[in-house]
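Listing of coords.txt; format and content: compact mmCIF, C-alpha atoms.
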# COMPACT_ATOMS: atom_id res chain seq x y z
CA MET A 1 -59.33 0.14 -16.75
CA ARG A 2 -59.12 3.24 -14.58
CA THR A 3 -56.27 1.78 -12.57
CA ILE A 4 -54.23 1.44 -15.75
CA GLN A 5 -55.06 4.90 -17.09
CA ALA A 6 -53.97 6.72 -13.96
CA PRO A 7 -50.37 5.46 -13.98
CA ILE A 8 -50.11 6.17 -17.72
CA ALA A 9 -51.22 9.73 -17.10
CA LEU A 10 -48.71 10.05 -14.29
CA ALA A 11 -45.97 8.61 -16.42
CA CYS A 12 -46.72 11.27 -19.02
CA ALA A 13 -46.61 13.89 -16.29
CA TYR A 14 -43.25 12.46 -15.23
CA LEU A 15 -41.87 12.69 -18.74
CA LEU A 16 -42.98 16.30 -19.00
CA ALA A 17 -41.85 17.25 -15.53
CA ALA A 18 -38.54 15.43 -15.49
CA PRO A 19 -36.44 17.90 -17.49
CA PHE A 20 -37.69 20.83 -15.45
CA SER A 21 -37.32 19.13 -12.12
CA SER A 22 -33.84 17.89 -12.98
CA PHE A 23 -32.87 21.36 -14.04
CA ALA A 24 -34.25 22.73 -10.81
CA GLY A 25 -32.17 20.23 -8.90
CA THR A 26 -28.92 21.07 -10.61
CA ALA A 27 -29.48 24.78 -10.37
CA GLY A 28 -28.55 24.59 -6.72
CA ALA A 29 -29.97 26.12 -3.58
CA GLY A 30 -31.11 29.26 -5.35
CA ASN A 31 -33.98 27.37 -6.88
CA ALA A 32 -35.10 25.75 -3.66
CA VAL A 33 -38.42 27.62 -3.69
CA GLU A 34 -39.10 26.54 -7.25
CA ALA A 35 -38.24 22.99 -6.37
CA SER A 36 -40.49 22.99 -3.35
CA LEU A 37 -43.34 24.36 -5.47
CA GLN A 38 -42.89 21.53 -7.92
CA GLN A 39 -42.83 19.03 -5.09
CA ALA A 40 -45.97 20.50 -3.64
CA THR A 41 -47.73 20.35 -7.00
CA ALA A 42 -46.65 16.79 -7.50
CA ARG A 43 -47.79 15.79 -4.05
CA ALA A 44 -51.14 17.47 -4.58
CA ILE A 45 -51.70 15.59 -7.83
CA LEU A 46 -50.72 12.30 -6.32
CA ALA A 47 -52.70 12.89 -3.20
CA ALA A 48 -55.78 13.58 -5.31
CA LEU A 49 -55.31 10.37 -7.24
CA SER A 50 -54.18 8.19 -4.41
CA PRO A 51 -55.31 8.89 -0.89
CA VAL A 52 -53.66 5.65 0.19
CA VAL A 53 -50.18 6.89 -0.58
CA PHE A 54 -50.58 10.17 1.24
CA ASP A 55 -52.68 9.08 4.14
CA ALA A 56 -50.69 11.07 6.64
CA PRO A 57 -52.47 12.87 9.47
CA ASP A 58 -52.87 16.63 9.19
CA ASP A 59 -50.12 17.46 11.63
CA GLN A 60 -47.67 15.54 9.43
CA ALA A 61 -48.93 17.02 6.19
CA PRO A 62 -46.32 18.68 3.99
CA GLN A 63 -45.70 22.27 5.03
CA ASN A 64 -43.85 23.15 1.82
CA SER A 65 -41.20 24.96 3.82
CA PRO A 66 -37.78 25.40 2.21
CA GLU A 67 -36.23 23.26 4.96
CA GLN A 68 -38.40 20.31 4.05
CA ALA A 69 -37.62 20.69 0.37
CA LYS A 70 -33.95 20.16 1.12
CA PRO A 71 -32.55 16.65 1.15
CA PRO A 72 -30.74 15.52 4.29
CA ALA A 73 -27.21 16.91 4.44
CA ALA A 74 -24.65 14.62 2.80
CA LYS A 75 -22.07 13.15 5.11
CA PRO A 76 -18.50 13.19 3.86
CA PRO A 77 -17.21 9.65 3.41
CA SER A 78 -15.36 8.13 6.31
CA LEU A 79 -12.98 5.19 6.56
CA PRO A 80 -15.63 2.72 7.83
CA ASP A 81 -17.67 3.53 4.69
CA LEU A 82 -14.97 1.90 2.57
CA GLY A 83 -15.73 -1.52 4.01
CA PHE A 84 -12.29 -2.66 5.03
CA PRO A 85 -12.32 -5.48 7.60
CA PRO A 86 -11.60 -4.10 11.11
CA GLU A 87 -8.44 -6.20 11.51
CA GLN A 88 -7.03 -4.38 8.48
CA THR A 89 -7.64 -0.91 9.88
CA GLN A 90 -6.92 -1.37 13.58
CA PRO A 91 -3.45 -0.55 14.95
CA ASN A 92 -1.50 -3.55 16.17
CA PRO A 93 1.22 -2.45 18.61
CA GLN A 94 2.39 -6.02 19.22
CA GLU A 95 2.98 -6.58 15.53
CA GLN A 96 4.76 -3.22 15.25
CA ALA A 97 7.01 -4.21 18.18
CA ARG A 98 7.75 -7.54 16.49
CA LEU A 99 8.55 -5.80 13.20
CA ASP A 100 10.78 -3.30 15.02
CA LYS A 101 12.70 -6.11 16.71
CA ARG A 102 12.93 -8.04 13.44
CA SER A 103 14.25 -5.02 11.54
CA HIS A 104 16.72 -4.21 14.30
CA MET A 105 18.10 -7.75 14.34
CA LEU A 106 18.32 -7.90 10.55
CA LYS A 107 20.13 -4.55 10.46
CA VAL A 108 22.68 -5.96 12.90
CA HIS A 109 22.83 -9.08 10.69
CA GLN A 110 23.53 -6.87 7.68
CA ARG A 111 26.24 -4.84 9.41
CA LEU A 112 27.98 -7.85 10.93
CA GLY A 113 27.74 -9.63 7.58
CA LEU A 114 29.56 -6.76 5.92
CA ILE A 115 32.16 -6.63 8.68
CA THR A 116 32.69 -10.39 8.32
CA THR A 117 33.58 -9.88 4.66
CA ALA A 118 36.91 -8.26 5.61
CA PRO A 119 38.39 -11.16 7.65
CA LEU A 120 36.85 -13.62 5.18
CA ILE A 121 38.72 -12.07 2.25
CA ALA A 122 41.88 -11.85 4.33
CA THR A 123 41.51 -15.51 5.31
CA VAL A 124 41.15 -16.61 1.67
CA LEU A 125 44.15 -14.51 0.63
CA SER A 126 46.34 -15.69 3.52
CA GLY A 127 45.32 -19.27 2.75
CA SER A 128 47.31 -19.22 -0.46
CA PHE A 129 50.48 -18.71 1.62
CA ALA A 130 49.58 -21.14 4.41
CA GLY A 131 49.30 -24.39 2.51
CA GLY A 132 50.97 -26.20 -0.33
CA LYS A 133 54.76 -26.19 -0.25
CA SER A 134 54.92 -23.40 2.29
CA THR A 135 56.51 -24.43 5.51
CA SER A 136 56.13 -21.15 7.36
CA SER A 137 54.22 -21.61 10.56
CA THR A 138 53.71 -17.83 10.85
CA THR A 139 51.49 -17.63 7.77
CA ARG A 140 49.64 -20.75 8.92
CA ASP A 141 49.05 -19.18 12.34
CA LEU A 142 47.87 -15.95 10.74
CA HIS A 143 45.55 -17.86 8.42
CA ALA A 144 44.18 -19.88 11.33
CA ALA A 145 43.63 -16.71 13.41
CA LEU A 146 41.86 -14.95 10.57
CA GLY A 147 39.77 -18.05 9.88
CA SER A 148 38.76 -18.30 13.53
CA SER A 149 37.79 -14.60 13.60
CA THR A 150 35.76 -15.08 10.44
CA ALA A 151 33.96 -18.09 11.88
CA ILE A 152 33.10 -16.27 15.13
CA LEU A 153 31.80 -13.23 13.27
CA TYR A 154 29.97 -15.43 10.77
CA PHE A 155 28.06 -17.36 13.41
CA THR A 156 27.24 -14.19 15.31
CA THR A 157 25.89 -12.75 12.05
CA ALA A 158 23.87 -15.91 11.45
CA TYR A 159 22.42 -15.74 14.96
CA PHE A 160 20.80 -12.35 14.25
CA SER A 161 19.19 -13.73 11.11
CA ILE A 162 18.07 -17.08 12.52
CA PHE A 163 16.58 -15.62 15.69
CA ALA A 164 14.98 -12.52 14.17
CA PRO A 165 11.20 -12.77 14.81
CA LYS A 166 9.29 -14.36 11.98
CA VAL A 167 6.10 -12.80 10.64
CA PRO A 168 3.49 -15.52 10.27
CA GLY A 169 1.64 -15.79 7.00
CA THR A 170 4.35 -14.12 4.96
CA PRO A 171 5.57 -16.31 2.13
CA THR A 172 9.19 -15.77 1.14
CA ARG A 173 9.40 -14.08 -2.26
CA GLY A 174 12.03 -12.27 -4.25
CA SER A 175 15.78 -12.07 -3.91
CA ILE A 176 15.66 -13.09 -0.26
CA ARG A 177 14.95 -16.63 -1.48
CA LEU A 178 18.32 -16.74 -3.26
CA HIS A 179 19.93 -15.17 -0.18
CA LYS A 180 18.52 -17.98 1.98
CA ALA A 181 19.33 -20.69 -0.57
CA LEU A 182 22.97 -19.57 -0.64
CA ALA A 183 23.04 -19.87 3.15
CA LEU A 184 22.50 -23.60 2.62
CA ILE A 185 25.89 -23.61 0.90
CA HIS A 186 27.96 -21.19 2.97
CA GLY A 187 26.42 -22.31 6.28
CA PRO A 188 27.67 -25.91 6.15
CA GLY A 189 30.78 -24.59 4.42
CA MET A 190 31.53 -22.37 7.40
CA ILE A 191 31.32 -25.41 9.69
CA LEU A 192 33.27 -27.72 7.43
CA THR A 193 36.06 -25.31 6.45
CA PRO A 194 37.44 -24.77 10.00
CA VAL A 195 37.18 -28.49 10.76
CA LEU A 196 39.13 -29.37 7.62
CA GLY A 197 41.46 -26.46 8.32
CA ALA A 198 42.22 -27.78 11.80
CA MET A 199 42.97 -31.21 10.36
CA ALA A 200 45.23 -29.72 7.69
CA PHE A 201 46.94 -27.52 10.30
CA GLN A 202 47.65 -30.55 12.47
CA GLN A 203 49.00 -32.60 9.56
CA LYS A 204 51.19 -29.72 8.44
CA SER A 205 52.44 -29.10 11.99
CA GLN A 206 53.50 -32.74 12.19
CA GLY A 207 55.51 -32.29 9.04
CA GLU A 208 53.11 -34.33 6.98
CA LYS A 209 51.77 -33.48 3.59
CA VAL A 210 48.11 -32.53 3.87
CA HIS A 211 46.17 -35.62 2.90
CA GLY A 212 42.77 -37.24 3.04
CA ILE A 213 39.65 -35.19 3.49
CA ALA A 214 41.74 -32.31 4.89
CA SER A 215 43.07 -31.70 1.39
CA ALA A 216 39.59 -30.38 0.46
CA HIS A 217 39.99 -27.51 2.96
CA GLY A 218 41.06 -24.96 0.36
CA ALA A 219 38.36 -25.83 -2.18
CA VAL A 220 35.61 -25.90 0.43
CA GLY A 221 36.82 -22.55 1.75
CA VAL A 222 36.76 -20.91 -1.67
CA VAL A 223 33.27 -22.25 -2.48
CA THR A 224 32.06 -21.05 0.93
CA ALA A 225 33.51 -17.60 0.41
CA ALA A 226 32.02 -17.38 -3.09
CA ALA A 227 28.56 -18.39 -1.84
CA TYR A 228 28.88 -15.84 0.94
CA GLY A 229 29.79 -13.06 -1.49
CA LEU A 230 26.89 -13.99 -3.77
CA ALA A 231 24.54 -13.96 -0.78
CA ILE A 232 25.52 -10.35 -0.08
CA LEU A 233 25.12 -9.37 -3.72
CA SER A 234 21.73 -11.11 -3.96
CA VAL A 235 20.14 -8.61 -1.58
CA SER A 236 22.25 -5.62 -2.58
CA VAL A 237 21.94 -5.38 -6.31
CA ARG A 238 19.37 -6.62 -8.78
CA LEU A 239 20.96 -9.78 -10.18
CA MET B 1 -52.03 -0.71 -5.65
CA GLU B 2 -48.70 -1.65 -7.26
CA ALA B 3 -49.51 0.55 -10.22
CA LYS B 4 -50.04 3.49 -7.87
CA ALA B 5 -46.75 2.89 -6.14
CA LEU B 6 -44.98 2.75 -9.50
CA ALA B 7 -46.69 5.95 -10.51
CA ALA B 8 -45.59 7.60 -7.29
CA PHE B 9 -42.02 6.52 -7.94
CA LEU B 10 -42.11 7.78 -11.51
CA LEU B 11 -43.47 11.11 -10.40
CA PHE B 12 -41.08 11.68 -7.56
CA ALA B 13 -38.00 10.10 -8.95
CA PRO B 14 -36.90 13.12 -10.99
CA LEU B 15 -37.35 15.43 -8.02
CA GLY B 16 -35.28 13.15 -5.89
CA PHE B 17 -32.61 12.62 -8.49
CA GLY B 18 -32.40 16.28 -9.29
CA GLN B 19 -31.48 17.18 -5.76
CA ALA B 20 -29.66 14.01 -4.72
CA ASP B 21 -25.94 13.98 -4.05
CA THR B 22 -23.84 12.22 -6.58
CA GLN B 23 -21.73 9.38 -5.31
CA TRP B 24 -18.60 7.91 -6.79
CA VAL B 25 -17.05 4.58 -5.99
CA LEU B 26 -13.49 3.56 -6.74
CA GLU B 27 -13.80 0.67 -9.16
CA LYS B 28 -10.16 -0.26 -9.67
CA SER B 29 -6.85 1.29 -8.90
CA THR B 30 -3.10 0.90 -9.15
CA LEU B 31 -0.95 2.80 -6.68
CA THR B 32 2.79 2.54 -7.16
CA TYR B 33 5.50 3.98 -4.95
CA HIS B 34 9.00 4.29 -6.32
CA VAL B 35 12.16 4.01 -4.25
CA SER B 36 15.64 4.93 -5.43
CA HIS B 37 18.89 3.67 -3.96
CA PRO B 38 22.37 4.07 -5.46
CA LEU B 39 22.54 0.29 -5.97
CA HIS B 40 19.05 -0.29 -7.33
CA GLN B 41 15.53 0.98 -7.74
CA PHE B 42 12.23 -0.69 -7.09
CA ASP B 43 8.49 -0.12 -7.12
CA GLY B 44 5.82 -1.24 -4.71
CA VAL B 45 2.37 -1.76 -6.17
CA SER B 46 -1.06 -2.01 -4.58
CA HIS B 47 -4.41 -2.72 -6.20
CA ALA B 48 -6.25 -2.86 -2.88
CA ALA B 49 -7.38 0.76 -2.57
CA ARG B 50 -11.01 1.49 -1.90
CA GLY B 51 -12.59 4.87 -2.30
CA LYS B 52 -15.77 6.82 -2.14
CA GLY B 53 -16.70 10.29 -3.26
CA VAL B 54 -19.72 12.40 -2.44
CA CYS B 55 -20.67 15.57 -4.29
CA HIS B 56 -23.10 17.85 -2.55
CA GLU B 57 -24.06 21.42 -3.34
CA GLY B 58 -21.19 21.85 -5.76
CA GLN B 59 -18.54 20.47 -3.44
CA CYS B 60 -17.05 17.02 -3.78
CA GLU B 61 -15.36 15.14 -0.97
CA PHE B 62 -13.37 12.07 -1.83
CA LEU B 63 -11.81 9.52 0.46
CA ILE B 64 -9.40 6.77 -0.54
CA GLY B 65 -8.00 4.14 1.78
CA VAL B 66 -5.33 1.58 1.08
CA PRO B 67 -3.74 -0.90 3.51
CA VAL B 68 0.01 -0.37 3.89
CA LYS B 69 0.48 -4.14 3.82
CA SER B 70 -1.08 -4.40 0.38
CA PHE B 71 1.94 -2.86 -1.36
CA ASP B 72 4.01 -5.51 -3.09
CA SER B 73 7.55 -4.82 -4.26
CA GLY B 74 8.19 -8.41 -5.31
CA ASP B 75 10.38 -9.10 -2.27
CA SER B 76 8.74 -10.20 0.97
CA ASN B 77 11.71 -9.20 3.12
CA ARG B 78 11.76 -5.70 1.67
CA ASP B 79 7.98 -5.36 2.07
CA LEU B 80 8.18 -6.32 5.74
CA HIS B 81 10.97 -3.85 6.28
CA MET B 82 8.93 -1.17 4.50
CA ILE B 83 5.97 -1.86 6.81
CA GLN B 84 8.27 -1.52 9.81
CA ALA B 85 9.91 1.66 8.54
CA VAL B 86 6.58 3.40 7.88
CA ARG B 87 5.11 2.12 11.17
CA GLY B 88 2.55 0.21 9.12
CA ALA B 89 1.37 -2.13 11.87
CA GLN B 90 0.66 0.81 14.16
CA ASN B 91 -0.84 2.87 11.31
CA PRO B 92 -2.11 0.22 8.92
CA MET B 93 -3.93 2.47 6.47
CA VAL B 94 -2.93 5.16 4.04
CA VAL B 95 -5.85 7.56 3.91
CA VAL B 96 -6.17 10.23 1.25
CA ARG B 97 -8.80 12.95 1.43
CA SER B 98 -9.57 15.49 -1.23
CA ARG B 99 -12.10 18.25 -1.55
CA PHE B 100 -12.74 20.12 -4.76
CA SER B 101 -15.40 21.92 -6.70
CA GLU B 102 -17.86 19.88 -8.71
CA SER B 103 -17.32 22.30 -11.56
CA ALA B 104 -13.87 20.84 -12.21
CA PRO B 105 -13.45 19.88 -15.87
CA VAL B 106 -14.67 16.42 -16.82
CA THR B 107 -11.72 15.74 -19.07
CA GLY B 108 -8.21 17.09 -19.04
CA ASN B 109 -5.98 18.39 -16.29
CA ILE B 110 -7.37 18.90 -12.83
CA HIS B 111 -5.51 20.27 -9.84
CA VAL B 112 -6.58 19.09 -6.44
CA ASP B 113 -5.46 19.51 -2.86
CA LEU B 114 -4.77 16.28 -1.05
CA GLU B 115 -4.52 15.44 2.60
CA VAL B 116 -2.59 12.21 3.10
CA GLN B 117 -2.48 10.32 6.39
CA PHE B 118 0.40 7.89 6.39
CA ALA B 119 2.84 6.52 8.94
CA GLY B 120 1.02 8.34 11.72
CA GLN B 121 1.53 11.72 10.08
CA THR B 122 -0.68 13.95 7.98
CA ALA B 123 0.76 15.80 5.01
CA GLN B 124 -0.91 18.30 2.71
CA PHE B 125 -0.21 18.34 -0.99
CA ARG B 126 -1.40 21.44 -2.79
CA GLN B 127 -2.59 21.64 -6.38
CA ILE B 128 -1.45 18.22 -7.50
CA ALA B 129 -2.03 17.76 -11.22
CA PHE B 130 -4.04 14.77 -12.38
CA GLN B 131 -5.17 13.76 -15.84
CA GLN B 132 -8.85 12.94 -15.98
CA THR B 133 -10.69 11.18 -18.77
CA ALA B 134 -14.38 10.51 -18.59
CA ASP B 135 -16.18 7.67 -20.31
CA GLY B 136 -19.88 7.42 -19.59
CA LYS B 137 -20.28 6.80 -15.89
CA GLN B 138 -16.58 6.14 -15.47
CA ALA B 139 -13.78 8.56 -14.82
CA ARG B 140 -10.14 7.57 -15.07
CA ILE B 141 -7.63 9.62 -13.12
CA THR B 142 -3.87 9.39 -13.37
CA GLY B 143 -1.14 11.41 -11.74
CA THR B 144 1.78 11.39 -9.39
CA ILE B 145 1.89 12.53 -5.78
CA PRO B 146 5.36 13.97 -5.06
CA ALA B 147 5.68 12.41 -1.63
CA THR B 148 8.90 12.39 0.36
CA LEU B 149 10.04 10.53 3.44
CA THR B 150 10.38 13.76 5.37
CA ASP B 151 6.72 14.62 4.66
CA PHE B 152 5.84 11.72 6.95
CA LYS B 153 8.86 11.81 9.26
CA ILE B 154 10.05 8.41 8.09
CA ASP B 155 13.65 7.51 8.84
CA PRO B 156 15.16 6.56 5.49
CA PRO B 157 15.84 2.84 5.35
CA SER B 158 19.36 1.99 4.28
CA LEU B 159 21.04 -0.81 2.41
CA LEU B 160 24.72 -1.48 2.98
CA THR B 161 24.62 1.60 5.24
CA VAL B 162 23.56 3.82 2.30
CA PRO B 163 20.09 5.36 2.79
CA ILE B 164 17.45 5.47 0.07
CA ARG B 165 16.57 8.79 -1.56
CA ASN B 166 14.11 11.06 0.19
CA GLU B 167 11.73 11.19 -2.79
CA ILE B 168 9.14 8.42 -2.95
CA PRO B 169 6.78 9.54 -5.74
CA ILE B 170 3.47 7.71 -5.77
CA ARG B 171 1.94 7.02 -9.15
CA VAL B 172 -1.85 6.96 -9.03
CA GLU B 173 -4.12 5.29 -11.57
CA MET B 174 -7.76 5.10 -10.59
CA THR B 175 -11.06 4.35 -12.26
CA TRP B 176 -14.08 5.80 -10.53
CA HIS B 177 -17.65 4.81 -11.18
CA LEU B 178 -20.58 7.16 -10.80
CA GLN B 179 -23.39 5.52 -8.85
Would you mind writing the structure in this file as structure tokens?
Amino acid sequence: MRTIQAPIALACAYLLAAPFSSFAGTAGAGNAVEASLQQATARAILAALSPVVFDAPDDQAPQNSPEQAKPPAAKPPSLPDLGFPPEQTQPNPQEQARLDKRSHMLKVHQRLGLITTAPLIATVLSGSFAGGKSTSSTTRDLHAALGSSTAILYFTTAYFSIFAPKVPGTPTRGSIRLHKALALIHGPGMILTPVLGAMAFQQKSQGEKVHGIASAHGAVGVVTAAAYGLAILSVSVRL
Amino acid sequence: MEAKALAAFLLFAPLGFGQADTQWVLEKSTLTYHVSHPLHQFDGVSHAARGKGVCHEGQCEFLIGVPVKSFDSGDSNRDLHMIQAVRGAQNPMVVVRSRFSESAPVTGNIHVDLEVQFAGQTAQFRQIAFQQTADGKQARITGTIPATLTDFKIDPPSLLTVPIRNEIPIRVEMTWHLQ
């Protein structure tokens, strides 16, 4: 019965003391003496009721000094406190070097891609004067030269994209997917168009009418150029 | 014996609580950077920030960390290029520190100084205005940090040889929980 009464009495003491002790705590360092007095009183009451709890030797007995009344100084939070995994917070120079190389190669890819646009447009335009009923070998030669320049620049551009370092664990999302999908059209188109163009050139040079698969040269070229233009737009503007 | 221990706790708890430091933990957050380019604009969003705040003797110190890689602009190629441009593999975390008086208003406008570590640089932002609303043990803070590329010595990335604008304002929406 006594063991039950004592905690009830203490709980009552707690309820009475709580508002004052909380107030003392929020009042700041100026009330440190008052706070330490309250602590001392509380310890004395508890010690009287429970020698087991405060069974400390005399040399460790509370001194009631202001220093002991103070809580340990709070440490400002630091990055490790936030619990990020170490691999997320540690610098990774190798990865930075890979990203630098990747960005450099893709910048070159972008610049060369833009440069390639000029001979590509010129090739398409000159193509309308090189085929059909035209018999001028000059326009055909010009078209062939522009087409060859376009192809060389195109494959150089592609090299910087294909061989740019990949970043593992990065799924492809966003407009770059359309950019890559369009490469599946203009890539084969850029191989097929010169081959068909060479066949058409040969047939025309022999005084023949362009026939067979070579007659698809113009259409394949236009589709290739359109896919190429769309590929540039896909990463330049929000489609 | 257990009853005595409970009694001891009940007696000392208010003393301890009265003098204890208050601690805040970042519960959820949305950080959004905005990039402008003559051809288009886009936002990069992260919900991966973690934060902690400690108030002691009237002074509060808050720390927020967010991995650079966690920002998502909806385009993986652009995100990788962003990480490269801000040297995000070498400096993988954005760390924001703030120190202010505990007597700051619970609700309404607050102005705080921020120290932001990003891209291997540290920039100070003075008296940045945030809106704070308190709800029980939760505090919601919203505002915008007027960051620029030059603050962190970042070379402006370019598209079609045209660089992006220098301003990259960062919209902050955070919910803090008092522990």
Next on the checklist: Which residues are near region 147-151 of chain B? Cut-off 10 Å, all atoms listed in the file, ignore same chain within fewer than 3 positions. Put them as a PyMOL selection string.
Outcome noted: chain B and resi 33-34+86+116+118-119+121-125+144+154-157+164-171
Item to check | Using only C-alpha atoms: which of B:Ala139, B:Ala129, B:Val35, B:Val96 has the shortest distance to chain A | outcome: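 The shortest atom-to-atom distance to chain A comes from B:Val96.
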Checklist entry - Neighbours of Leu79 (chain A) within 12 Å (all atoms listed in the file; same-chain residues fewer than 5 positions away dropped), as JSON, numbers by chain? => result {"A": [84, 85, 86, 88, 89, 90], "B": [49, 50, 51, 52, 53, 62, 63, 64, 65, 66, 67, 93, 94, 95, 96, 97, 117]}
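If all atoms listed in the file are the atoms counted, then among B:Ile110, B:Leu178, B:Cys55, B:Val68 the closest residue to Ile141 (chain B) is B:Ile110.
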Next on the checklist: Excluding Thr175 (chain B) and its own-chain neighbours fewer than 4 positions away, which residues fall within 9 Å of it when counting only C-alpha atoms? Please give them as a PyMOL selection string.
Outcome noted: chain B and resi 25-29+138-142
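Within 10 Å of region 180-192 of chain A there are A:Gly147, A:Thr150, A:Ala151, A:Ile152, A:Tyr154, A:Phe155, A:Ala158, A:Thr172, A:Ser175, A:Gly197, A:Ala198, A:Ala214, A:Ala216, A:His217, A:Val220, A:Gly221, A:Val222, A:Val223, A:Thr224, A:Ala225, A:Ala226, A:Ala227, A:Tyr228, A:Gly229, A:Leu230, A:Ala231, A:Ile232, A:Ser234, counting only C-alpha atoms and ignoring same-chain residues fewer than 5 positions away.
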Checklist entry - Which value, in Å to one decimal, gives the distance between CA of Gln41 (chain B) and CA of Val162 (chain B)? => result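 Answer for the CA of Gln41 (chain B) to CA of Val162 (chain B) separation: 13.2 Å.
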Item to check | Computed interatomic separation between CA of His37 (chain B) and CA of Thr156 (chain A) (Å) | outcome: 27.6 Å
Checklist entry - Which of these residues is nearest to chain A, using all atoms listed in the file: B:His47, B:His111, B:Arg99, B:Lys153? => result B:Arg99
Next on the checklist: So that I can check the surroundings of region 94-104 of chain A, please list as a PyMOL selection string every protein, DNA and RNA residue that reaches within 8 Å of it, counting all atoms listed in the file and ignoring chain neighbours fewer than 5 positions away.
Outcome noted: (chain A and resi 164-167) or (chain B and resi 80-81+83-84+87-90)
Next on the checklist: Could you check the closest approach to Gly143 (chain B) for each of B:Ser98, B:Asn109, B:Ser158, B:Ser103 and tell me which residue wins, using all atoms listed in the file?
Outcome noted: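 Of B:Ser98, B:Asn109, B:Ser158, B:Ser103, the one nearest Gly143 (chain B), counting all atoms listed in the file, is B:Asn109.
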Checklist entry - Restricting the calculation to only C-alpha atoms, which member of A:Val210, A:Ala118, A:Leu82, A:Leu112 is positioned closest to Tyr159 (chain A)? => result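 Between A:Val210, A:Ala118, A:Leu82, A:Leu112, the residue approaching Tyr159 (chain A) most closely is A:Leu112.
Separating CA of Ala122 (chain A) from CA of Ala219 (chain A) is a distance of 15.8 Å.
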Item to check | Given all atoms listed in the file as the counted atoms, nearest of B:Thr30, B:Thr22, B:Gln127, B:Gln179 to Val112 (chain B) | outcome: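 Under the stated criterion, the closest residue is B:Gln127.
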